[in-house]
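Asker: One file: data_5.pdb (PDB, C-alpha atoms, pLDDT in the B column).
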```pdb
ATOM      1  CA  PHE A  94      14.990  38.273  22.777  1.00 58.00           C
ATOM      2  CA  ASN A  95      14.542  36.593  26.139  1.00 60.00           C
ATOM      3  CA  ARG A  96      10.974  36.358  27.407  1.00 57.00           C
ATOM      4  CA  THR A  97      11.692  35.258  30.980  1.00 56.00           C
ATOM      5  CA  ASP A  98      11.603  38.881  32.122  1.00 55.00           C
ATOM      6  CA  ILE A  99       7.810  38.943  31.651  1.00 57.00           C
ATOM      7  CA  ILE A 100       7.030  35.296  32.379  1.00 56.00           C
ATOM      8  CA  LYS A 101       8.805  34.517  35.619  1.00 54.00           C
ATOM      9  CA  SER A 102       7.636  30.929  36.056  1.00 51.00           C
ATOM     10  CA  GLN A 103       9.180  29.344  32.977  1.00 57.00           C
ATOM     11  CA  GLU A 104      10.340  29.919  29.429  1.00 66.00           C
ATOM     12  CA  SER A 105       7.416  30.332  27.028  1.00 75.00           C
ATOM     13  CA  SER A 106       7.073  29.239  23.407  1.00 89.00           C
ATOM     14  CA  VAL A 107       6.314  31.655  20.591  1.00 92.00           C
ATOM     15  CA  LEU A 108       3.340  30.394  18.552  1.00 94.00           C
ATOM     16  CA  SER A 109       2.767  33.359  16.221  1.00 96.00           C
ATOM     17  CA  ILE A 110       4.247  36.727  15.235  1.00 95.00           C
ATOM     18  CA  LYS A 111       2.674  39.737  13.549  1.00 95.00           C
ATOM     19  CA  TRP A 112       5.026  42.362  12.109  1.00 94.00           C
ATOM     20  CA  ILE A 113       3.756  45.897  12.726  1.00 93.00           C
ATOM     21  CA  SER A 114       6.923  47.864  11.945  1.00 92.00           C
ATOM     22  CA  ASP A 115      10.683  47.496  12.132  1.00 91.00           C
ATOM     23  CA  SER A 116      10.463  48.488  15.789  1.00 93.00           C
ATOM     24  CA  LEU A 117       7.260  46.744  16.882  1.00 93.00           C
ATOM     25  CA  LEU A 118       5.939  43.178  16.741  1.00 95.00           C
ATOM     26  CA  LEU A 119       2.910  41.436  18.193  1.00 95.00           C
ATOM     27  CA  VAL A 120       4.007  38.142  19.702  1.00 95.00           C
ATOM     28  CA  GLY A 121       1.613  35.296  20.493  1.00 95.00           C
ATOM     29  CA  THR A 122       2.894  32.764  23.010  1.00 93.00           C
ATOM     30  CA  ASP A 123       1.578  29.871  25.070  1.00 92.00           C
ATOM     31  CA  HIS A 124       1.348  32.378  27.936  1.00 90.00           C
ATOM     32  CA  GLY A 125      -0.608  35.106  26.141  1.00 92.00           C
ATOM     33  CA  ILE A 126      -0.039  38.048  23.816  1.00 94.00           C
ATOM     34  CA  PHE A 127       2.696  40.661  24.104  1.00 93.00           C
ATOM     35  CA  THR A 128       4.137  43.572  22.199  1.00 94.00           C
ATOM     36  CA  LEU A 129       7.850  43.449  21.425  1.00 94.00           C
ATOM     37  CA  SER A 130       9.453  46.878  21.053  1.00 94.00           C
ATOM     38  CA  ILE A 131      12.847  46.749  19.344  1.00 92.00           C
ATOM     39  CA  SER A 132      15.554  49.411  19.570  1.00 90.00           C
ATOM     40  CA  ASN A 133      19.323  49.209  19.047  1.00 87.00           C
ATOM     41  CA  ASN A 134      19.214  45.424  18.642  1.00 82.00           C
ATOM     42  CA  ASP A 135      17.488  45.060  22.015  1.00 87.00           C
ATOM     43  CA  GLY A 136      13.874  44.126  22.671  1.00 89.00           C
ATOM     44  CA  VAL A 137      11.378  44.796  25.449  1.00 90.00           C
ATOM     45  CA  TYR A 138       8.236  42.688  25.914  1.00 91.00           C
ATOM     46  CA  ASN A 139       5.093  44.235  27.382  1.00 92.00           C
ATOM     47  CA  LYS A 140       1.634  42.924  28.190  1.00 90.00           C
ATOM     48  CA  ILE A 141      -1.431  44.475  26.550  1.00 93.00           C
ATOM     49  CA  ASP A 142      -2.371  47.040  29.184  1.00 91.00           C
ATOM     50  CA  PHE A 143      -5.997  47.506  28.077  1.00 95.00           C
ATOM     51  CA  LEU A 144      -6.823  43.777  28.049  1.00 95.00           C
ATOM     52  CA  PRO A 145      -8.204  42.517  31.404  1.00 95.00           C
ATOM     53  CA  GLU A 146      -6.225  39.853  33.217  1.00 93.00           C
ATOM     54  CA  ASP A 147      -9.088  37.335  33.185  1.00 95.00           C
ATOM     55  CA  ILE A 148      -9.447  37.651  29.395  1.00 96.00           C
ATOM     56  CA  GLN A 149      -5.695  37.231  28.980  1.00 93.00           C
ATOM     57  CA  ALA A 150      -5.902  34.107  31.122  1.00 93.00           C
ATOM     58  CA  GLN A 151      -8.755  32.681  29.008  1.00 95.00           C
ATOM     59  CA  HIS A 152      -7.036  33.401  25.691  1.00 96.00           C
ATOM     60  CA  SER A 153      -3.630  32.249  26.876  1.00 94.00           C
ATOM     61  CA  ARG A 154      -2.390  30.604  23.672  1.00 95.00           C
ATOM     62  CA  ILE A 155      -2.275  32.755  20.539  1.00 97.00           C
ATOM     63  CA  TYR A 156      -2.034  30.726  17.334  1.00 97.00           C
ATOM     64  CA  LYS A 157      -2.509  33.335  14.635  1.00 97.00           C
ATOM     65  CA  PHE A 158      -2.960  37.065  13.976  1.00 97.00           C
ATOM     66  CA  LEU A 159      -4.986  38.717  11.205  1.00 97.00           C
ATOM     67  CA  GLU A 160      -5.151  42.447  10.578  1.00 96.00           C
ATOM     68  CA  TYR A 161      -8.795  43.570  10.399  1.00 95.00           C
ATOM     69  CA  ARG A 162      -8.193  47.254   9.812  1.00 90.00           C
ATOM     70  CA  ASP A 163      -5.542  49.795  10.743  1.00 90.00           C
ATOM     71  CA  GLY A 164      -4.522  49.091  14.329  1.00 92.00           C
ATOM     72  CA  ALA A 165      -7.103  46.332  14.873  1.00 96.00           C
ATOM     73  CA  TYR A 166      -6.521  42.569  14.766  1.00 97.00           C
ATOM     74  CA  PHE A 167      -8.264  39.243  15.170  1.00 98.00           C
ATOM     75  CA  LEU A 168      -6.454  36.523  17.098  1.00 98.00           C
ATOM     76  CA  ALA A 169      -7.078  32.779  16.880  1.00 98.00           C
ATOM     77  CA  THR A 170      -6.717  31.364  20.398  1.00 97.00           C
ATOM     78  CA  ASN A 171      -7.195  28.312  22.595  1.00 97.00           C
ATOM     79  CA  HIS A 172     -10.531  29.727  23.818  1.00 96.00           C
ATOM     80  CA  GLY A 173     -12.040  30.940  20.524  1.00 97.00           C
ATOM     81  CA  ALA A 174     -11.157  34.296  19.019  1.00 98.00           C
ATOM     82  CA  LEU A 175     -10.125  37.689  20.310  1.00 98.00           C
ATOM     83  CA  TYR A 176     -10.446  41.163  18.762  1.00 97.00           C
ATOM     84  CA  LEU A 177      -7.992  43.892  19.763  1.00 97.00           C
ATOM     85  CA  ASP A 178      -8.075  47.515  18.610  1.00 96.00           C
ATOM     86  CA  PHE A 179      -4.794  49.130  19.660  1.00 94.00           C
ATOM     87  CA  LYS A 180      -5.785  52.621  18.526  1.00 93.00           C
ATOM     88  CA  LYS A 181      -9.086  52.697  20.429  1.00 95.00           C
ATOM     89  CA  LYS A 182      -7.734  50.388  23.170  1.00 95.00           C
ATOM     90  CA  THR A 183     -10.832  48.199  22.956  1.00 96.00           C
ATOM     91  CA  TRP A 184     -11.291  44.435  22.828  1.00 97.00           C
ATOM     92  CA  LYS A 185     -13.930  41.762  22.324  1.00 97.00           C
ATOM     93  CA  SER A 186     -13.845  38.062  23.191  1.00 98.00           C
ATOM     94  CA  PHE A 187     -15.621  35.481  21.000  1.00 98.00           C
ATOM     95  CA  THR A 188     -16.361  32.150  22.681  1.00 97.00           C
ATOM     96  CA  HIS A 189     -18.815  29.328  22.127  1.00 97.00           C
ATOM     97  CA  ASP A 190     -22.180  29.555  23.902  1.00 96.00           C
ATOM     98  CA  THR A 191     -24.142  26.294  24.139  1.00 96.00           C
ATOM     99  CA  LYS A 192     -27.357  28.327  24.387  1.00 96.00           C
ATOM    100  CA  ARG A 193     -26.605  30.262  21.183  1.00 95.00           C
ATOM    101  CA  VAL A 194     -24.972  27.649  18.968  1.00 94.00           C
ATOM    102  CA  SER A 195     -26.010  29.223  15.657  1.00 94.00           C
ATOM    103  CA  SER A 196     -24.819  32.725  16.546  1.00 94.00           C
ATOM    104  CA  THR A 197     -21.521  32.088  18.353  1.00 97.00           C
ATOM    105  CA  ILE A 198     -18.224  30.598  17.258  1.00 97.00           C
ATOM    106  CA  ALA A 199     -18.096  26.786  17.190  1.00 96.00           C
ATOM    107  CA  PRO A 200     -16.468  25.062  20.202  1.00 96.00           C
ATOM    108  CA  GLY A 201     -12.845  24.081  20.535  1.00 95.00           C
ATOM    109  CA  ILE A 202      -9.436  25.585  19.987  1.00 96.00           C
ATOM    110  CA  CYS A 203      -9.269  28.125  17.148  1.00 97.00           C
ATOM    111  CA  ARG A 204      -5.990  27.841  15.237  1.00 95.00           C
ATOM    112  CA  LEU A 205      -7.044  29.488  11.984  1.00 97.00           C
ATOM    113  CA  VAL A 206      -8.200  32.944  10.915  1.00 98.00           C
ATOM    114  CA  PHE A 207      -8.241  33.786   7.195  1.00 97.00           C
ATOM    115  CA  LYS A 208      -9.380  36.713   5.020  1.00 97.00           C
ATOM    116  CA  THR A 209     -10.746  35.939   1.558  1.00 96.00           C
ATOM    117  CA  GLU A 210     -10.032  38.076  -1.502  1.00 94.00           C
ATOM    118  CA  GLN A 211     -13.558  39.462  -1.098  1.00 94.00           C
ATOM    119  CA  GLY A 212     -12.812  40.537   2.484  1.00 95.00           C
ATOM    120  CA  LYS A 213     -14.768  37.854   4.358  1.00 96.00           C
ATOM    121  CA  ILE A 214     -13.031  36.663   7.519  1.00 97.00           C
ATOM    122  CA  LEU A 215     -13.176  32.962   8.356  1.00 98.00           C
ATOM    123  CA  PHE A 216     -12.228  31.082  11.514  1.00 98.00           C
ATOM    124  CA  GLY A 217     -11.546  27.366  11.970  1.00 96.00           C
ATOM    125  CA  THR A 218     -12.019  25.592  15.308  1.00 96.00           C
ATOM    126  CA  ALA A 219     -11.342  22.080  16.587  1.00 94.00           C
ATOM    127  CA  ALA A 220     -15.040  21.236  16.166  1.00 92.00           C
ATOM    128  CA  GLY A 221     -14.495  21.192  12.401  1.00 90.00           C
ATOM    129  CA  GLY A 222     -15.997  23.309   9.651  1.00 92.00           C
ATOM    130  CA  LEU A 223     -15.661  27.075   9.403  1.00 97.00           C
ATOM    131  CA  ASN A 224     -17.075  30.181  11.071  1.00 97.00           C
ATOM    132  CA  GLU A 225     -17.607  33.649   9.603  1.00 98.00           C
ATOM    133  CA  LEU A 226     -17.350  37.165  10.975  1.00 98.00           C
ATOM    134  CA  VAL A 227     -20.631  39.071  10.696  1.00 96.00           C
ATOM    135  CA  THR A 228     -21.220  42.769  11.358  1.00 93.00           C
ATOM    136  CA  ASP A 229     -24.633  44.018  12.442  1.00 87.00           C
ATOM    137  CA  ASN A 230     -25.109  47.714  13.316  1.00 85.00           C
ATOM    138  CA  ASP A 231     -21.368  48.020  13.965  1.00 84.00           C
ATOM    139  CA  GLN A 232     -21.505  45.014  16.273  1.00 91.00           C
ATOM    140  CA  LEU A 233     -19.216  42.060  15.545  1.00 95.00           C
ATOM    141  CA  PHE A 234     -20.062  38.418  16.061  1.00 95.00           C
ATOM    142  CA  ILE A 235     -18.803  35.087  14.752  1.00 97.00           C
ATOM    143  CA  ARG A 236     -21.115  32.260  13.692  1.00 97.00           C
ATOM    144  CA  PRO A 237     -20.765  28.840  12.000  1.00 97.00           C
ATOM    145  CA  LEU A 238     -21.162  28.698   8.229  1.00 96.00           C
ATOM    146  CA  LYS A 239     -24.304  27.061   6.908  1.00 93.00           C
ATOM    147  CA  VAL A 240     -22.159  24.908   4.613  1.00 94.00           C
ATOM    148  CA  ASN A 241     -20.530  23.179   7.607  1.00 95.00           C
ATOM    149  CA  LYS A 242     -22.742  20.099   7.359  1.00 94.00           C
ATOM    150  CA  LEU A 243     -21.495  19.495   3.821  1.00 94.00           C
ATOM    151  CA  LEU A 244     -17.888  20.137   4.820  1.00 94.00           C
ATOM    152  CA  MET A 245     -18.110  17.765   7.770  1.00 93.00           C
ATOM    153  CA  ASP A 246     -19.739  15.064   5.661  1.00 93.00           C
ATOM    154  CA  VAL A 247     -16.370  14.654   3.919  1.00 93.00           C
ATOM    155  CA  SER A 248     -14.063  15.481   6.849  1.00 92.00           C
ATOM    156  CA  LYS A 249     -14.454  15.515  10.626  1.00 90.00           C
ATOM    157  CA  SER A 250     -10.896  16.875  11.016  1.00 93.00           C
ATOM    158  CA  TYR A 251     -10.376  20.495  11.898  1.00 94.00           C
ATOM    159  CA  ILE A 252      -9.318  22.870   9.129  1.00 96.00           C
ATOM    160  CA  THR A 253      -5.699  23.938   9.511  1.00 95.00           C
ATOM    161  CA  THR A 254      -5.041  26.180   6.512  1.00 96.00           C
ATOM    162  CA  ILE A 255      -6.862  27.805   3.568  1.00 97.00           C
ATOM    163  CA  VAL A 256      -5.862  28.838   0.060  1.00 97.00           C
ATOM    164  CA  GLN A 257      -8.224  30.754  -2.204  1.00 96.00           C
ATOM    165  CA  HIS A 258      -7.517  29.379  -5.659  1.00 92.00           C
ATOM    166  CA  ASP A 259      -9.790  31.809  -7.490  1.00 91.00           C
ATOM    167  CA  LYS A 260     -12.961  33.816  -6.837  1.00 92.00           C
ATOM    168  CA  ASN A 261     -15.159  30.837  -5.969  1.00 94.00           C
ATOM    169  CA  ASN A 262     -12.775  27.967  -5.264  1.00 96.00           C
ATOM    170  CA  PHE A 263     -11.016  27.273  -1.992  1.00 97.00           C
ATOM    171  CA  LEU A 264      -8.638  24.563  -0.829  1.00 97.00           C
ATOM    172  CA  LEU A 265      -9.005  23.680   2.844  1.00 97.00           C
ATOM    173  CA  GLY A 266      -6.161  21.752   4.458  1.00 96.00           C
ATOM    174  CA  THR A 267      -7.222  19.450   7.289  1.00 96.00           C
ATOM    175  CA  GLY A 268      -5.602  17.798  10.265  1.00 94.00           C
ATOM    176  CA  GLY A 269      -5.991  14.272   8.962  1.00 94.00           C
ATOM    177  CA  ASP A 270      -8.264  13.966   5.936  1.00 95.00           C
ATOM    178  CA  GLY A 271      -6.205  15.687   3.259  1.00 96.00           C
ATOM    179  CA  ILE A 272      -7.495  18.720   1.317  1.00 96.00           C
ATOM    180  CA  ILE A 273     -11.115  19.733   0.835  1.00 96.00           C
ATOM    181  CA  LYS A 274     -12.008  21.418  -2.467  1.00 96.00           C
ATOM    182  CA  TRP A 275     -14.899  23.827  -1.919  1.00 96.00           C
ATOM    183  CA  ASN A 276     -16.724  25.811  -4.592  1.00 96.00           C
ATOM    184  CA  THR A 277     -18.646  28.626  -2.886  1.00 95.00           C
ATOM    185  CA  LYS A 278     -20.832  29.314  -5.922  1.00 94.00           C
ATOM    186  CA  ASP A 279     -22.662  25.982  -5.889  1.00 94.00           C
ATOM    187  CA  ASN A 280     -21.271  24.585  -2.583  1.00 94.00           C
ATOM    188  CA  SER A 281     -19.870  21.548  -4.370  1.00 95.00           C
ATOM    189  CA  ILE A 282     -17.339  19.758  -2.176  1.00 96.00           C
ATOM    190  CA  SER A 283     -14.786  17.033  -2.840  1.00 95.00           C
ATOM    191  CA  ILE A 284     -11.659  15.768  -1.151  1.00 94.00           C
ATOM    192  CA  ILE A 285      -8.042  15.181  -2.201  1.00 94.00           C
ATOM    193  CA  ASP A 286      -6.286  12.446  -0.224  1.00 93.00           C
ATOM    194  CA  GLY A 287      -3.977   9.490  -0.660  1.00 90.00           C
ATOM    195  CA  ARG A 288      -6.150   8.099  -3.447  1.00 92.00           C
ATOM    196  CA  HIS A 289      -5.184  11.140  -5.518  1.00 91.00           C
ATOM    197  CA  GLY A 290      -1.473  10.943  -4.784  1.00 89.00           C
ATOM    198  CA  LEU A 291      -1.321  13.083  -1.647  1.00 92.00           C
ATOM    199  CA  PRO A 292       1.615  11.626   0.330  1.00 92.00           C
ATOM    200  CA  ASN A 293       0.262  12.721   3.731  1.00 93.00           C
ATOM    201  CA  THR A 294      -3.244  13.659   4.794  1.00 94.00           C
ATOM    202  CA  VAL A 295      -2.166  15.948   7.649  1.00 96.00           C
ATOM    203  CA  ILE A 296      -1.792  19.417   6.102  1.00 96.00           C
ATOM    204  CA  TYR A 297      -0.041  22.083   8.164  1.00 94.00           C
ATOM    205  CA  ALA A 298       0.202  24.888   5.605  1.00 95.00           C
ATOM    206  CA  MET A 299      -0.448  25.695   1.942  1.00 95.00           C
ATOM    207  CA  LEU A 300       0.831  28.486  -0.267  1.00 94.00           C
ATOM    208  CA  LYS A 301      -0.245  29.707  -3.705  1.00 93.00           C
ATOM    209  CA  ASP A 302       2.538  31.026  -5.941  1.00 94.00           C
ATOM    210  CA  ASP A 303       2.378  33.680  -8.667  1.00 92.00           C
ATOM    211  CA  CYS A 304       1.524  31.015 -11.260  1.00 92.00           C
ATOM    212  CA  ASN A 305      -1.523  29.874  -9.260  1.00 89.00           C
ATOM    213  CA  ASN A 306       0.202  26.647  -8.235  1.00 92.00           C
ATOM    214  CA  VAL A 307      -0.461  25.472  -4.695  1.00 92.00           C
ATOM    215  CA  TRP A 308       2.327  24.112  -2.550  1.00 93.00           C
TER     216      TRP A 308
END
```
Could you write out this structure as structure tokens?
Answerer:
Amino acid sequence: FNRTDIIKSQESSVLSIKWISDSLLLVGTDHGIFTLSISNNDGVYNKIDFLPEDIQAQHSRIYKFLEYRDGAYFLATNHGALYLDFKKKTWKSFTHDTKRVSSTIAPGICRLVFKTEQGKILFGTAAGGLNELVTDNDQLFIRPLKVNKLLMDVSKSYITTIVQHDKNNFLLGTGGDGIIKWNTKDNSISIIDGRHGLPNTVIYAMLKDDCNNVW
């Protein structure tokens, strides 16, 4: 489906896709977020009408989608994170605030949003470490994890991908230091890299199969 009908200046690149139904997709590009309505093998792109233009301009590159609840999604973007509720037509932008470091998302591009088996939502930014979604009186905010100092002691690279191996153990792929093993029960942390046979320390994606093997 050609995207030049909505982006007149130049062809855009698709960075992420979220399937909603056979006739509707959310499409993240390097020029913002769009819906793609499909009918009779033809597709029509539309901007998000309830999202202000200045917010769309800030969050112009959409790296990943995560469904939060029915009709509502978190987006990992070049400017932090974005929350969109398509049923209520509401939104919220999450960006770093140098005056509220401990209660806002860490600085840098956010390329990762992940939901644990327990329902906790984590975000990874270029600053390294992880951030968590917190709800307080129905208000949402994103803050750095307290364990970040330990994580960044073993790797200054940003976290690119996460696999939850079991209830307490996570594997965190990084952009240059291999894989971090993190036990959330006792916060023990170790690293897997070339010394352990890893052929490349830049990890783009990981996947756990039905036998609990990680690829």
Asker: Any idea what the distance is between CA of Gly221 (chain A) and CA of Phe158 (chain A)?
Answerer: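 One can read the CA of Gly221 (chain A) to CA of Phe158 (chain A) distance as 19.7 Å.
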Asker: Which residues, named as in the file, does the PyMOL selection byres ((chain A and resi 226-230) around 8) pick out? Answer as a list in words.
Answerer: Lys213, Ile214, Leu215, Phe216, Asn224, Glu225, Asp231, Gln232, Leu233, Phe234, Ile235 and Arg236 of chain A
Asker: Suppose we keep C-alpha atoms; can you now write the selection as an mmCIF file, in the coordinates of the input?
Answerer:
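As written to disk, out.cif reads:
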```cif
data_model
loop_
_atom_site.group_PDB
_atom_site.id
_atom_site.type_symbol
_atom_site.label_atom_id
_atom_site.label_comp_id
_atom_site.auth_asym_id
_atom_site.auth_seq_id
_atom_site.Cartn_x
_atom_site.Cartn_y
_atom_site.Cartn_z
ATOM 1 C CA LYS A 213 -14.768 37.854 4.358
ATOM 2 C CA ILE A 214 -13.031 36.663 7.519
ATOM 3 C CA LEU A 215 -13.176 32.962 8.356
ATOM 4 C CA PHE A 216 -12.228 31.082 11.514
ATOM 5 C CA ASN A 224 -17.075 30.181 11.071
ATOM 6 C CA GLU A 225 -17.607 33.649 9.603
ATOM 7 C CA ASP A 231 -21.368 48.020 13.965
ATOM 8 C CA GLN A 232 -21.505 45.014 16.273
ATOM 9 C CA LEU A 233 -19.216 42.060 15.545
ATOM 10 C CA PHE A 234 -20.062 38.418 16.061
ATOM 11 C CA ILE A 235 -18.803 35.087 14.752
ATOM 12 C CA ARG A 236 -21.115 32.260 13.692
#
```
Asker: Please write out, as lines of an AutoDock Vina configuration file, where the centre of an axis-aligned box around all listed atoms of region 288-295 of chain A lies and how long its edges are, in Å to one decimal, after adding 8 Å on each side.
Answerer:
```
center_x = -2.3
center_y = 12.0
center_z = 1.1
size_x = 23.8
size_y = 23.8
size_z = 29.2
```
Asker: With only C-alpha atoms as the counted atoms, please give the residues lying no more than 8 Å from Ala165 (chain A), apart from itself and same-chain residues fewer than 4 positions off, as a PyMOL selection string.
Answerer: chain A and resi 160-161+176-180
Asker: Could you tell me how far CA of Thr294 (chain A) lies from CA of Arg204 (chain A), in Å and to one decimal?
Answerer: 17.8 Å
Asker: For CA of Trp275 (chain A) and CA of Thr209 (chain A), determine how far apart the two atoms are, in Å to one decimal place.
Answerer: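 Pair CA of Trp275 (chain A) / CA of Thr209 (chain A) returns 13.3 Å.
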Asker: Given the file above and the PyMOL selection byres ((chain A and resi 172) around 10), which residues are selected, and can you give them as a PyMOL selection string?
Answerer: chain A and resi 148+150-155+169-171+173-175+186-189+200-204+218
Asker: Apply the PyMOL selection byres ((chain A and resi 144) around 10) to the structure shown and report the selected residues as a list in words.
Answerer: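 Expected selection for the PyMOL selection byres ((chain A and resi 144) around 10) here is Ile126, Lys140, Ile141, Asp142, Phe143, Pro145, Glu146, Asp147, Ile148, Gln149, Leu177, Lys182, Thr183, Trp184 and Lys185 of chain A.
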Asker: Give me, as CSV, the closest atom pair and its distance (Å, one decimal) for every residue of region 131-243 of chain A within a cut-off of 10 Å of region 255-259 of chain A, counting all atoms listed in the file, rows sorted by chain and rising number.
Answerer:
```
residue,atom,partner,partner_atom,distance
A:Leu205,CA,A:Ile255,CA,8.6
A:Val206,CA,A:Ile255,CA,9.1
A:Phe207,CA,A:Ile255,CA,7.1
A:Lys208,CA,A:Ile255,CA,9.4
A:Thr209,CA,A:Gln257,CA,6.9
A:Glu210,CA,A:Gln257,CA,7.6
A:Leu215,CA,A:Ile255,CA,9.5
A:Gly217,CA,A:Ile255,CA,9.6
```
Asker: When you look at Arg288 (chain A) with a cut-off of 12 Å (counting only C-alpha atoms), what residues show up, excluding the ones that are within fewer than 5 positions of it in the same chain? I need them as a PDB file with C-alpha atoms, keeping the file's coordinate frame.
Answerer:
```
ATOM      1  CA  ASP A 270      -8.264  13.966   5.936  1.00 95.00           C
ATOM      2  CA  GLY A 271      -6.205  15.687   3.259  1.00 96.00           C
ATOM      3  CA  ILE A 272      -7.495  18.720   1.317  1.00 96.00           C
ATOM      4  CA  ASN A 293       0.262  12.721   3.731  1.00 93.00           C
ATOM      5  CA  THR A 294      -3.244  13.659   4.794  1.00 94.00           C
TER       6      THR A 294
END
```
Asker: Since the input is missing atoms, can you rebuild all heavy atoms for region 250-257 of chain A and write them as a short mmCIF file (atom, residue, chain, number, x, y, z; two decimals), keeping the file's coordinate frame?
Answerer:
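Result file follows (result38.cif):
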```
data_model
loop_
_atom_site.label_atom_id
_atom_site.label_comp_id
_atom_site.auth_asym_id
_atom_site.auth_seq_id
_atom_site.Cartn_x
_atom_site.Cartn_y
_atom_site.Cartn_z
N SER A 250 -12.11 16.24 10.51
CA SER A 250 -10.90 16.88 11.02
C SER A 250 -11.04 18.40 10.99
O SER A 250 -11.75 18.95 10.15
CB SER A 250 -9.69 16.48 10.17
OG SER A 250 -9.45 15.09 10.24
N TYR A 251 -10.34 19.04 11.90
CA TYR A 251 -10.38 20.50 11.90
C TYR A 251 -9.58 21.05 10.71
O TYR A 251 -8.65 20.41 10.22
CB TYR A 251 -9.86 21.07 13.22
CG TYR A 251 -8.41 20.79 13.52
CD1 TYR A 251 -7.40 21.65 13.10
CD2 TYR A 251 -8.03 19.67 14.27
CE1 TYR A 251 -6.08 21.40 13.38
CE2 TYR A 251 -6.71 19.41 14.57
CZ TYR A 251 -5.73 20.29 14.12
OH TYR A 251 -4.42 20.03 14.41
N ILE A 252 -9.96 22.23 10.27
CA ILE A 252 -9.32 22.87 9.13
C ILE A 252 -8.11 23.66 9.62
O ILE A 252 -8.22 24.51 10.50
CB ILE A 252 -10.31 23.77 8.38
CG1 ILE A 252 -11.41 22.89 7.76
CG2 ILE A 252 -9.62 24.58 7.29
CD1 ILE A 252 -12.58 23.66 7.19
N THR A 253 -6.95 23.37 9.05
CA THR A 253 -5.70 23.94 9.51
C THR A 253 -5.22 25.13 8.68
O THR A 253 -4.53 26.01 9.20
CB THR A 253 -4.60 22.87 9.48
OG1 THR A 253 -4.52 22.34 8.14
CG2 THR A 253 -4.91 21.73 10.43
N THR A 254 -5.57 25.15 7.41
CA THR A 254 -5.04 26.18 6.51
C THR A 254 -5.97 26.33 5.30
O THR A 254 -6.69 25.39 4.94
CB THR A 254 -3.61 25.80 6.05
OG1 THR A 254 -3.09 26.82 5.20
CG2 THR A 254 -3.59 24.48 5.32
N ILE A 255 -5.98 27.51 4.71
CA ILE A 255 -6.86 27.80 3.57
C ILE A 255 -6.07 28.51 2.47
O ILE A 255 -5.26 29.39 2.74
CB ILE A 255 -8.04 28.70 3.98
CG1 ILE A 255 -8.89 28.03 5.07
CG2 ILE A 255 -8.92 29.04 2.77
CD1 ILE A 255 -10.02 28.92 5.59
N VAL A 256 -6.34 28.11 1.23
CA VAL A 256 -5.86 28.84 0.06
C VAL A 256 -7.07 29.14 -0.82
O VAL A 256 -7.89 28.26 -1.09
CB VAL A 256 -4.82 28.02 -0.74
CG1 VAL A 256 -4.67 28.57 -2.14
CG2 VAL A 256 -3.47 28.04 -0.03
N GLN A 257 -7.19 30.39 -1.24
CA GLN A 257 -8.22 30.75 -2.20
C GLN A 257 -7.63 30.64 -3.60
O GLN A 257 -6.76 31.43 -3.98
CB GLN A 257 -8.74 32.17 -1.95
CG GLN A 257 -9.90 32.54 -2.85
CD GLN A 257 -10.60 33.82 -2.44
OE1 GLN A 257 -10.24 34.46 -1.46
NE2 GLN A 257 -11.63 34.20 -3.20
#
```
